[in-house]
Amino acid sequence: MTQAKRMFAVLWLGQFAATAGLTVVVPLLPFYLADLGTPSGDIALWTGISLAAPAVTQMLTGPLWGAVGDRYGRKAMVVRAHAGLAISLVLMAMATTPAAFVAFRLLQGACGGVVSATAAFAGTLATGHRRGRALGGLFGATAAGALLGPLAGGVLAGTWGFGPIFVTVAALLVCSSVAAAWLLIEPEPTPEPTPESDPERESGAGYTATGSQGGASLRPAPLRAAPLREAAGILVGRADTRNVLLAGLAGQAAIYALVVVFAPQVQRITGSMADAAVWVGMLQATTWAASWAGGPWWGRYNDRASAQRGFAIAAACCAIATALQVVVTSVELLIPLRLVQGFCFAAFLQSVLHVASGRVRQRLSGTAFGFSTGVLDLGQVVGPLFGAAIAVTLPPVGAFGVIGVVLGIAALLAVRSAVQQGGHDPTPVAPEPRSAHV
């Protein structure tokens with residue numbers, strides 16, 4: 001096994017452990033909050049707040065951690081993310097009130113960020129035509145953890161209790177943090193591309209033209225903006241990246257809104273809450289199993305073709321599969337629809353990160369990953385609120401239809417991004433001096 005493959009295996013296992021560890025407890029949050037003495041009428045509210053809390057703080061701190069990683073090293077951010085999750089989980093095990101638990105969930109988001117930290121490091125191992133494969137493999141780790149975590153949680157909660165589960169997961173994350181500190185090696189900075197080799201990157205950002213009438217040359221311009229402001233300016237300033245970020249935000253919000261309305265729909269089909277609980281678990285596992293398979297497939301697709309095109313295809317298929325879930329009359333017919341949904345959902349996050357990382361220089365890639373995941377985290381916050389709003393104001397057909405429309409809008413935004421990228425006429429970009437990477 002080569003050094004790069006060994007390090008990628010460490011990243012894959014670490015992301016799998018983090019996702020599995022967190023999803024062990026997520027389906028059981030209502031029961032844990034009940035154990036903390038939450039009144040039965042308030043459990044749903046505290047569950048929603050607890051689910052959204054990490055995304056709120058991660059949305060704010062993710063770009064900052066990315067900028068720190070770009071400056072001081074991305075290996076340190078991988079180690080920090082796993083250690084931060086471990087500490088927050090130990091504190092969650094010690095919580096005695098719902099408010100304290102939510103506070104520690106906020107700390108989890110502020111100190112975590114495993115996805116963006118891991119993606120930024122992986123981006124230094126596999127650049128250019130293999131970047132999509134690396135990001136797809138990491139999403140496969142996320143899907144595998146999301147599939148196996150709840151299954152393990154359901155078995156362990158009845159025998160161990162919640163406190164030991166939190167502590168055990170924290171211990172696994174400490175192990176993954178130590179493994180990252182021991183086995184990961186900070187890659188050397190890759191030389192920046194010349195104008196001829198990579199014309200698509202940031203349009204002349206950081207450079208000015210000099211020279212006389214006989215000709216002009218490019219020289220480095222002084223860096224006047226902070227890394228976060230610089231990366232955000234590039235990603236938001238370009239129409240193609242701005243639209244793919246909006247597409248990712250819409251897609252993420254739609255999927256999390258679907259979580260709110262899906263279980264009641266299954267109950268309407270089965271006619272029994274007990275049967276619905278079993279089927280929701282099975283269908284959720286089916287969805288993540290499809291995402292596990294879809295992650296690497298979409299990664300390879302993004303290496304061969306436009307990542308925006310892949311996102312558009314995936315979002316359109318998700319829109320159709322979502323809209324059809326409300327018209328089926330047999331719960332078994334939901335299985336193929338959830339397979340399609342899971343396989344296509346695997347394209348969302350990695351396609352956005354693929355585009356974002358390709359628009360900035362390597363010295364800003366961690367910041368770009370953090371900013372992009374922060375935008376998608378906003379969808380994770382808005383989605384459940386949006387789902388709750390349409391669930392109480394619209395009939396099931398309307399709710400699923402609206403979610404399908406949002407996914408369709410995401411697909412159209414991705415198509416627009418691909419068209420804008422094709423018509424982009426960037427200014428030549430010169431290589432940066434070595435000092436710019438320090």
# chains A, B, ... in the order shown; residues from 1 in each chain; ligands from 1

$ residues_around --residues "segment 160-163 of chain A" --least-positions-apart "2" --cutoff "9 Å" --atoms "only C-alpha atoms" --output "list in words"
Val25, Leu28, Tyr32, Val90, Met92, Ala93, Met94, Val155, Leu156, Ala157, Gly158, Ile165, Phe166, Val167 and Thr168 of chain A

$ write_last_selection --atoms "C-alpha atoms" --output "PDB file, in the first residue's frame"
ATOM      1  CA  VAL A  25     -27.451   8.464  19.201  1.00  0.00           C
ATOM      2  CA  LEU A  28     -32.504   7.829  20.020  1.00  0.00           C
ATOM      3  CA  TYR A  32     -32.388  10.290  25.851  1.00  0.00           C
ATOM      4  CA  VAL A  90     -18.096  13.070  26.996  1.00  0.00           C
ATOM      5  CA  MET A  92     -23.077  15.133  26.526  1.00  0.00           C
ATOM      6  CA  ALA A  93     -22.861  12.000  28.672  1.00  0.00           C
ATOM      7  CA  MET A  94     -22.572  14.264  31.728  1.00  0.00           C
ATOM      8  CA  VAL A 155     -28.939  -2.685  19.875  1.00  0.00           C
ATOM      9  CA  LEU A 156     -26.656  -1.029  22.442  1.00  0.00           C
ATOM     10  CA  ALA A 157     -29.124   1.432  23.953  1.00  0.00           C
ATOM     11  CA  GLY A 158     -31.205  -1.340  25.481  1.00  0.00           C
ATOM     12  CA  ILE A 165     -22.631   4.747  24.448  1.00  0.00           C
ATOM     13  CA  PHE A 166     -21.468   8.372  24.475  1.00  0.00           C
ATOM     14  CA  VAL A 167     -18.256   7.485  26.306  1.00  0.00           C
ATOM     15  CA  THR A 168     -17.521   4.522  24.013  1.00  0.00           C
TER      16      THR A 168
END

$ select_by_dssp --residues "segment 137-348 of chain A" --states "strand (DSSP E)" --output "list in words"
Tyr207, Thr208, Ala209, Thr210, Gly211, Ser212, Gly215, Ala216, Ser217, Leu218, Arg219 and Pro220 of chain A

$ write_last_selection --atoms "N, CA and C atoms" --output "PDB file, in the first residue's frame"
ATOM      1  N   TYR A 207      -3.144  39.033  -8.578  1.00  0.00           N
ATOM      2  CA  TYR A 207      -2.125  39.374  -9.558  1.00  0.00           C
ATOM      3  C   TYR A 207      -2.486  40.656 -10.283  1.00  0.00           C
ATOM      4  N   THR A 208      -1.448  41.388 -10.733  1.00  0.00           N
ATOM      5  CA  THR A 208      -1.648  42.594 -11.505  1.00  0.00           C
ATOM      6  C   THR A 208      -0.777  42.529 -12.734  1.00  0.00           C
ATOM      7  N   ALA A 209      -1.204  43.188 -13.787  1.00  0.00           N
ATOM      8  CA  ALA A 209      -0.437  43.219 -15.023  1.00  0.00           C
ATOM      9  C   ALA A 209       0.516  44.404 -15.008  1.00  0.00           C
ATOM     10  N   THR A 210       1.771  44.166 -15.422  1.00  0.00           N
ATOM     11  CA  THR A 210       2.761  45.217 -15.484  1.00  0.00           C
ATOM     12  C   THR A 210       3.442  45.158 -16.833  1.00  0.00           C
ATOM     13  N   GLY A 211       4.156  46.205 -17.160  1.00  0.00           N
ATOM     14  CA  GLY A 211       4.907  46.190 -18.397  1.00  0.00           C
ATOM     15  C   GLY A 211       4.705  47.466 -19.178  1.00  0.00           C
ATOM     16  N   SER A 212       5.428  47.576 -20.269  1.00  0.00           N
ATOM     17  CA  SER A 212       5.358  48.751 -21.113  1.00  0.00           C
ATOM     18  C   SER A 212       4.590  48.422 -22.369  1.00  0.00           C
ATOM     19  N   GLY A 215       4.875  44.998 -24.162  1.00  0.00           N
ATOM     20  CA  GLY A 215       4.274  43.759 -23.659  1.00  0.00           C
ATOM     21  C   GLY A 215       3.967  43.876 -22.188  1.00  0.00           C
ATOM     22  N   ALA A 216       3.192  42.936 -21.688  1.00  0.00           N
ATOM     23  CA  ALA A 216       2.799  42.952 -20.283  1.00  0.00           C
ATOM     24  C   ALA A 216       3.139  41.617 -19.662  1.00  0.00           C
ATOM     25  N   SER A 217       3.339  41.648 -18.375  1.00  0.00           N
ATOM     26  CA  SER A 217       3.615  40.424 -17.638  1.00  0.00           C
ATOM     27  C   SER A 217       2.802  40.440 -16.363  1.00  0.00           C
ATOM     28  N   LEU A 218       2.700  39.267 -15.737  1.00  0.00           N
ATOM     29  CA  LEU A 218       1.936  39.163 -14.491  1.00  0.00           C
ATOM     30  C   LEU A 218       2.899  39.105 -13.325  1.00  0.00           C
ATOM     31  N   ARG A 219       2.627  39.897 -12.315  1.00  0.00           N
ATOM     32  CA  ARG A 219       3.443  39.833 -11.108  1.00  0.00           C
ATOM     33  C   ARG A 219       2.520  39.650  -9.917  1.00  0.00           C
ATOM     34  N   PRO A 220       2.991  39.024  -8.834  1.00  0.00           N
ATOM     35  CA  PRO A 220       2.141  38.846  -7.665  1.00  0.00           C
ATOM     36  C   PRO A 220       1.733  40.186  -7.070  1.00  0.00           C
TER      37      PRO A 220
END

$ atom_distance --atom1 "atom CA of Val115 of chain A" --atom2 "atom CA of Thr57 of chain A"
14.4 Å

$ closest_residue --among "A:Ala305, A:Ala44, A:Ala180, A:Ala103" --to "His129 of chain A" --atoms "only C-alpha atoms"
A:Ala305

$ residues_around --residues "Phe348 of chain A" --least-positions-apart "2" --cutoff "8 Å" --atoms "only C-alpha atoms" --output "VMD selection string"
chain A and resid 248 251 to 252 311 314 to 315 344 to 346 350 to 352

$ write_last_selection --atoms "N, CA, C and O atoms" --output "compact mmCIF listing (two decimals), in the first residue's frame"
# COMPACT_ATOMS: atom_id res chain seq x y z
N GLY A 248 -26.60 23.55 -3.87
CA GLY A 248 -26.34 22.67 -2.74
C GLY A 248 -27.18 23.03 -1.52
O GLY A 248 -27.69 22.15 -0.81
N GLY A 251 -30.73 21.83 -2.25
CA GLY A 251 -30.81 20.38 -2.18
C GLY A 251 -30.75 19.87 -0.75
O GLY A 251 -31.51 18.98 -0.35
N GLN A 252 -29.84 20.44 0.04
CA GLN A 252 -29.70 20.03 1.44
C GLN A 252 -30.97 20.36 2.22
O GLN A 252 -31.45 19.54 3.02
N PHE A 311 -24.48 17.01 -10.48
CA PHE A 311 -25.40 17.49 -9.46
C PHE A 311 -26.79 17.68 -10.05
O PHE A 311 -27.79 17.30 -9.43
N ALA A 314 -28.51 14.34 -10.61
CA ALA A 314 -28.88 13.74 -9.32
C ALA A 314 -30.06 14.46 -8.69
O ALA A 314 -30.99 13.83 -8.18
N ALA A 315 -30.06 15.80 -8.72
CA ALA A 315 -31.15 16.55 -8.10
C ALA A 315 -32.46 16.32 -8.85
O ALA A 315 -33.53 16.21 -8.23
N CYS A 344 -28.71 9.13 -5.53
CA CYS A 344 -28.52 10.47 -6.11
C CYS A 344 -28.12 11.50 -5.06
O CYS A 344 -27.37 12.43 -5.36
N PHE A 345 -28.62 11.35 -3.84
CA PHE A 345 -28.23 12.28 -2.78
C PHE A 345 -26.72 12.26 -2.55
O PHE A 345 -26.13 13.27 -2.14
N ALA A 346 -26.10 11.13 -2.83
CA ALA A 346 -24.65 11.01 -2.64
C ALA A 346 -23.87 11.99 -3.49
O ALA A 346 -22.70 12.25 -3.22
N GLN A 350 -20.48 16.21 -2.31
CA GLN A 350 -19.18 16.07 -2.95
C GLN A 350 -19.09 16.88 -4.24
O GLN A 350 -18.01 17.40 -4.58
N SER A 351 -20.18 17.05 -4.97
CA SER A 351 -20.15 17.84 -6.19
C SER A 351 -19.90 19.32 -5.89
O SER A 351 -19.13 19.99 -6.58
N VAL A 352 -20.55 19.83 -4.84
CA VAL A 352 -20.34 21.22 -4.45
C VAL A 352 -18.89 21.43 -4.03
O VAL A 352 -18.23 22.40 -4.43

$ residues_around --residues "segment 381-398 of chain A" --least-positions-apart "6" --cutoff "10 Å" --atoms "only C-alpha atoms" --output "PDB file with C-alpha atoms, in the first residue's frame"
ATOM      1  CA  GLY A  48     -35.516  19.540  16.850  1.00  0.00           C
ATOM      2  CA  ILE A  49     -33.293  22.054  18.626  1.00  0.00           C
ATOM      3  CA  LEU A  51     -30.638  18.167  15.848  1.00  0.00           C
ATOM      4  CA  ALA A  52     -30.112  21.665  14.454  1.00  0.00           C
ATOM      5  CA  ALA A  53     -27.679  22.929  17.101  1.00  0.00           C
ATOM      6  CA  PRO A  54     -24.393  21.484  15.716  1.00  0.00           C
ATOM      7  CA  ALA A  55     -25.121  22.777  12.225  1.00  0.00           C
ATOM      8  CA  VAL A  56     -25.612  26.317  13.552  1.00  0.00           C
ATOM      9  CA  MET A  59     -21.825  26.927   9.868  1.00  0.00           C
ATOM     10  CA  LEU A 249     -28.173  24.792  -0.159  1.00  0.00           C
ATOM     11  CA  ALA A 250     -31.535  24.096  -1.821  1.00  0.00           C
ATOM     12  CA  GLY A 251     -30.811  20.380  -2.178  1.00  0.00           C
ATOM     13  CA  GLN A 252     -29.702  20.025   1.435  1.00  0.00           C
ATOM     14  CA  ALA A 253     -32.733  21.932   2.723  1.00  0.00           C
ATOM     15  CA  ALA A 254     -35.079  19.768   0.646  1.00  0.00           C
ATOM     16  CA  ILE A 255     -33.611  16.492   1.901  1.00  0.00           C
ATOM     17  CA  TYR A 256     -33.842  17.583   5.536  1.00  0.00           C
ATOM     18  CA  ALA A 257     -37.391  18.816   4.983  1.00  0.00           C
ATOM     19  CA  LEU A 258     -38.226  15.380   3.599  1.00  0.00           C
ATOM     20  CA  VAL A 259     -37.120  13.809   6.891  1.00  0.00           C
ATOM     21  CA  VAL A 260     -39.934  15.684   8.663  1.00  0.00           C
ATOM     22  CA  VAL A 261     -42.742  14.565   6.348  1.00  0.00           C
ATOM     23  CA  PHE A 262     -41.547  11.063   5.468  1.00  0.00           C
ATOM     24  CA  PRO A 264     -46.029  10.406   8.778  1.00  0.00           C
ATOM     25  CA  GLN A 265     -46.450   9.377   5.147  1.00  0.00           C
ATOM     26  CA  ARG A 268     -50.554   6.749   6.503  1.00  0.00           C
ATOM     27  CA  ALA A 323     -42.712  13.464  -5.700  1.00  0.00           C
ATOM     28  CA  LEU A 324     -43.642   9.841  -6.401  1.00  0.00           C
ATOM     29  CA  GLN A 325     -43.334   8.842  -2.724  1.00  0.00           C
ATOM     30  CA  VAL A 326     -46.662  10.474  -1.956  1.00  0.00           C
ATOM     31  CA  VAL A 327     -48.677   8.659  -4.652  1.00  0.00           C
ATOM     32  CA  GLY A 404     -39.818  18.063  -5.265  1.00  0.00           C
TER      33      GLY A 404
END

$ residues_around --residues "Arg80 of chain A" --least-positions-apart "2" --cutoff "8 Å" --atoms "only C-alpha atoms" --output "CSV table (one decimal) with N, CA, C and O atoms, in the first residue's frame"
chain,number,residue,atom,x,y,z
A,76,ALA,N,-3.4,19.0,11.3
A,76,ALA,CA,-3.8,19.4,12.7
A,76,ALA,C,-5.3,19.6,12.8
A,76,ALA,O,-5.9,19.3,13.8
A,77,MET,N,-6.0,20.0,11.7
A,77,MET,CA,-7.4,20.2,11.7
A,77,MET,C,-8.1,18.8,11.7
A,77,MET,O,-9.2,18.7,12.4
A,78,VAL,N,-7.6,17.8,11.1
A,78,VAL,CA,-8.2,16.5,11.2
A,78,VAL,C,-8.1,16.0,12.6
A,78,VAL,O,-9.1,15.5,13.2
A,82,HIS,N,-11.5,15.4,15.3
A,82,HIS,CA,-11.9,14.2,16.0
A,82,HIS,C,-11.8,14.4,17.6
A,82,HIS,O,-12.7,13.9,18.3
A,83,ALA,N,-10.8,15.0,18.0
A,83,ALA,CA,-10.6,15.3,19.5
A,83,ALA,C,-11.7,16.2,20.0
A,83,ALA,O,-12.3,15.9,21.1
A,84,GLY,N,-12.1,17.2,19.2
A,84,GLY,CA,-13.2,18.1,19.6
A,84,GLY,C,-14.5,17.3,19.7
A,84,GLY,O,-15.3,17.5,20.7
A,111,CYS,N,-16.5,22.6,17.6
A,111,CYS,CA,-15.2,22.0,17.6
A,111,CYS,C,-15.0,20.8,16.6
A,111,CYS,O,-13.9,20.3,16.5
A,112,GLY,N,-16.1,20.5,16.0
A,112,GLY,CA,-16.0,19.3,15.1
A,112,GLY,C,-15.7,19.7,13.7
A,112,GLY,O,-14.6,20.3,13.4
A,177,SER,N,-8.3,10.1,16.4
A,177,SER,CA,-7.5,11.4,16.4
A,177,SER,C,-6.0,11.0,16.6
A,177,SER,O,-5.1,11.6,15.9

$ atom_distance --atom1 "atom CA of Leu172 of chain A" --atom2 "atom CA of Leu91 of chain A"
15.3 Å

$ atom_distance --atom1 "atom CA of Gly132 of chain A" --atom2 "atom CA of Asn302 of chain A"
5.3 Å

$ residues_around --residues "Ala120 of chain A" --least-positions-apart "2" --cutoff "9 Å" --atoms "only C-alpha atoms" --output "NGL selection string"
:A and (66 or 69-70 or 74 or 115-118 or 122-124 or 357 or 365-370)

$ write_last_selection --atoms "all heavy atoms" --output "mmCIF file, in the first residue's frame"
data_model
loop_
_atom_site.group_PDB
_atom_site.id
_atom_site.type_symbol
_atom_site.label_atom_id
_atom_site.label_comp_id
_atom_site.auth_asym_id
_atom_site.auth_seq_id
_atom_site.Cartn_x
_atom_site.Cartn_y
_atom_site.Cartn_z
ATOM 1 N N GLY A 66 -11.145 26.156 8.542
ATOM 2 C CA GLY A 66 -10.518 25.939 7.242
ATOM 3 C C GLY A 66 -9.365 26.887 6.996
ATOM 4 O O GLY A 66 -8.306 26.500 6.483
ATOM 5 N N GLY A 69 -6.439 25.849 9.048
ATOM 6 C CA GLY A 69 -5.771 24.712 8.432
ATOM 7 C C GLY A 69 -4.928 25.104 7.235
ATOM 8 O O GLY A 69 -3.822 24.565 7.030
ATOM 9 N N ASP A 70 -5.411 26.038 6.435
ATOM 10 C CA ASP A 70 -4.626 26.497 5.283
ATOM 11 C C ASP A 70 -3.328 27.151 5.725
ATOM 12 O O ASP A 70 -2.314 27.077 5.022
ATOM 13 C CB ASP A 70 -5.447 27.486 4.453
ATOM 14 C CG ASP A 70 -6.530 26.803 3.634
ATOM 15 O OD1 ASP A 70 -6.397 25.597 3.366
ATOM 16 O OD2 ASP A 70 -7.511 27.470 3.276
ATOM 17 N N ARG A 74 -3.229 21.143 7.502
ATOM 18 C CA ARG A 74 -4.531 20.483 7.484
ATOM 19 C C ARG A 74 -4.553 19.213 8.325
ATOM 20 O O ARG A 74 -5.613 18.776 8.757
ATOM 21 C CB ARG A 74 -4.925 20.195 6.035
ATOM 22 C CG ARG A 74 -5.200 21.494 5.288
ATOM 23 C CD ARG A 74 -5.212 21.376 3.817
ATOM 24 N NE ARG A 74 -5.244 22.724 3.230
ATOM 25 C CZ ARG A 74 -4.629 23.062 2.133
ATOM 26 N NH1 ARG A 74 -3.911 22.167 1.478
ATOM 27 N NH2 ARG A 74 -4.695 24.290 1.682
ATOM 28 N N VAL A 115 -15.998 16.515 8.353
ATOM 29 C CA VAL A 115 -16.162 16.388 6.904
ATOM 30 C C VAL A 115 -15.274 17.366 6.155
ATOM 31 O O VAL A 115 -14.516 16.989 5.254
ATOM 32 C CB VAL A 115 -17.640 16.591 6.514
ATOM 33 C CG1 VAL A 115 -17.779 16.673 5.002
ATOM 34 C CG2 VAL A 115 -18.489 15.436 7.049
ATOM 35 N N SER A 116 -15.327 18.646 6.525
ATOM 36 C CA SER A 116 -14.539 19.637 5.797
ATOM 37 C C SER A 116 -13.048 19.468 6.066
ATOM 38 O O SER A 116 -12.221 19.634 5.160
ATOM 39 C CB SER A 116 -14.988 21.050 6.161
ATOM 40 O OG SER A 116 -14.897 21.272 7.555
ATOM 41 N N ALA A 117 -12.668 19.124 7.310
ATOM 42 C CA ALA A 117 -11.255 18.924 7.619
ATOM 43 C C ALA A 117 -10.683 17.742 6.842
ATOM 44 O O ALA A 117 -9.575 17.803 6.288
ATOM 45 C CB ALA A 117 -11.077 18.713 9.125
ATOM 46 N N THR A 118 -11.441 16.645 6.807
ATOM 47 C CA THR A 118 -10.983 15.461 6.085
ATOM 48 C C THR A 118 -10.925 15.717 4.585
ATOM 49 O O THR A 118 -9.986 15.314 3.903
ATOM 50 C CB THR A 118 -11.929 14.281 6.378
ATOM 51 O OG1 THR A 118 -11.973 14.060 7.788
ATOM 52 C CG2 THR A 118 -11.444 13.014 5.713
ATOM 53 N N ALA A 122 -7.726 15.423 2.153
ATOM 54 C CA ALA A 122 -7.785 14.511 1.008
ATOM 55 C C ALA A 122 -7.538 15.252 -0.299
ATOM 56 O O ALA A 122 -6.954 14.692 -1.234
ATOM 57 C CB ALA A 122 -9.143 13.811 0.963
ATOM 58 N N GLY A 123 -7.954 16.527 -0.352
ATOM 59 C CA GLY A 123 -7.728 17.308 -1.557
ATOM 60 C C GLY A 123 -6.259 17.516 -1.861
ATOM 61 O O GLY A 123 -5.881 17.709 -3.022
ATOM 62 N N THR A 124 -5.409 17.482 -0.827
ATOM 63 C CA THR A 124 -3.970 17.608 -1.069
ATOM 64 C C THR A 124 -3.351 16.290 -1.518
ATOM 65 O O THR A 124 -2.260 16.284 -2.089
ATOM 66 C CB THR A 124 -3.246 18.082 0.210
ATOM 67 O OG1 THR A 124 -3.383 17.086 1.241
ATOM 68 C CG2 THR A 124 -3.839 19.399 0.714
ATOM 69 N N SER A 357 -13.415 23.545 -4.630
ATOM 70 C CA SER A 357 -11.967 23.345 -4.513
ATOM 71 C C SER A 357 -11.253 23.598 -5.830
ATOM 72 O O SER A 357 -10.067 23.915 -5.852
ATOM 73 C CB SER A 357 -11.671 21.926 -4.030
ATOM 74 O OG SER A 357 -12.121 20.961 -4.969
ATOM 75 N N SER A 365 -7.715 26.106 -0.183
ATOM 76 C CA SER A 365 -8.678 25.018 -0.366
ATOM 77 C C SER A 365 -9.390 24.658 0.936
ATOM 78 O O SER A 365 -10.590 24.376 0.942
ATOM 79 C CB SER A 365 -7.984 23.786 -0.960
ATOM 80 O OG SER A 365 -6.981 23.306 -0.089
ATOM 81 N N GLY A 366 -8.673 24.657 2.060
ATOM 82 C CA GLY A 366 -9.331 24.360 3.332
ATOM 83 C C GLY A 366 -10.388 25.385 3.675
ATOM 84 O O GLY A 366 -11.476 25.051 4.150
ATOM 85 N N THR A 367 -10.073 26.664 3.439
ATOM 86 C CA THR A 367 -11.047 27.725 3.671
ATOM 87 C C THR A 367 -12.250 27.557 2.756
ATOM 88 O O THR A 367 -13.400 27.759 3.172
ATOM 89 C CB THR A 367 -10.396 29.097 3.432
ATOM 90 O OG1 THR A 367 -9.165 29.167 4.147
ATOM 91 C CG2 THR A 367 -11.307 30.212 3.899
ATOM 92 N N ALA A 368 -12.003 27.191 1.496
ATOM 93 C CA ALA A 368 -13.098 26.992 0.545
ATOM 94 C C ALA A 368 -13.986 25.833 0.983
ATOM 95 O O ALA A 368 -15.216 25.922 0.905
ATOM 96 C CB ALA A 368 -12.539 26.732 -0.848
ATOM 97 N N PHE A 369 -13.378 24.723 1.455
ATOM 98 C CA PHE A 369 -14.168 23.600 1.951
ATOM 99 C C PHE A 369 -15.009 24.025 3.153
ATOM 100 O O PHE A 369 -16.199 23.685 3.250
ATOM 101 C CB PHE A 369 -13.257 22.439 2.342
ATOM 102 C CG PHE A 369 -12.814 21.592 1.187
ATOM 103 C CD1 PHE A 369 -11.473 21.339 0.974
ATOM 104 C CD2 PHE A 369 -13.721 21.032 0.317
ATOM 105 C CE1 PHE A 369 -11.048 20.560 -0.086
ATOM 106 C CE2 PHE A 369 -13.321 20.247 -0.747
ATOM 107 C CZ PHE A 369 -11.976 20.013 -0.944
ATOM 108 N N GLY A 370 -14.391 24.766 4.091
ATOM 109 C CA GLY A 370 -15.132 25.199 5.273
ATOM 110 C C GLY A 370 -16.271 26.127 4.934
ATOM 111 O O GLY A 370 -17.377 26.009 5.481
#

$ closest_residue --among "A:Leu85, A:Val406, A:Leu364, A:Ala418" --to "Ala226 of chain A" --atoms "only C-alpha atoms"
A:Leu364

$ closest_residue --among "A:Leu339, A:Ala179, A:Val405, A:Ala170" --to "Met7 of chain A" --atoms "only C-alpha atoms"
A:Ala179

$ select_by_dssp --residues "segment 210-366 of chain A" --states "helix (DSSP H, G or I)" --output "MDAnalysis selection string"
chainID A and resid 227:237 239:270 273:304 307:324 331:345 348:357 362:366
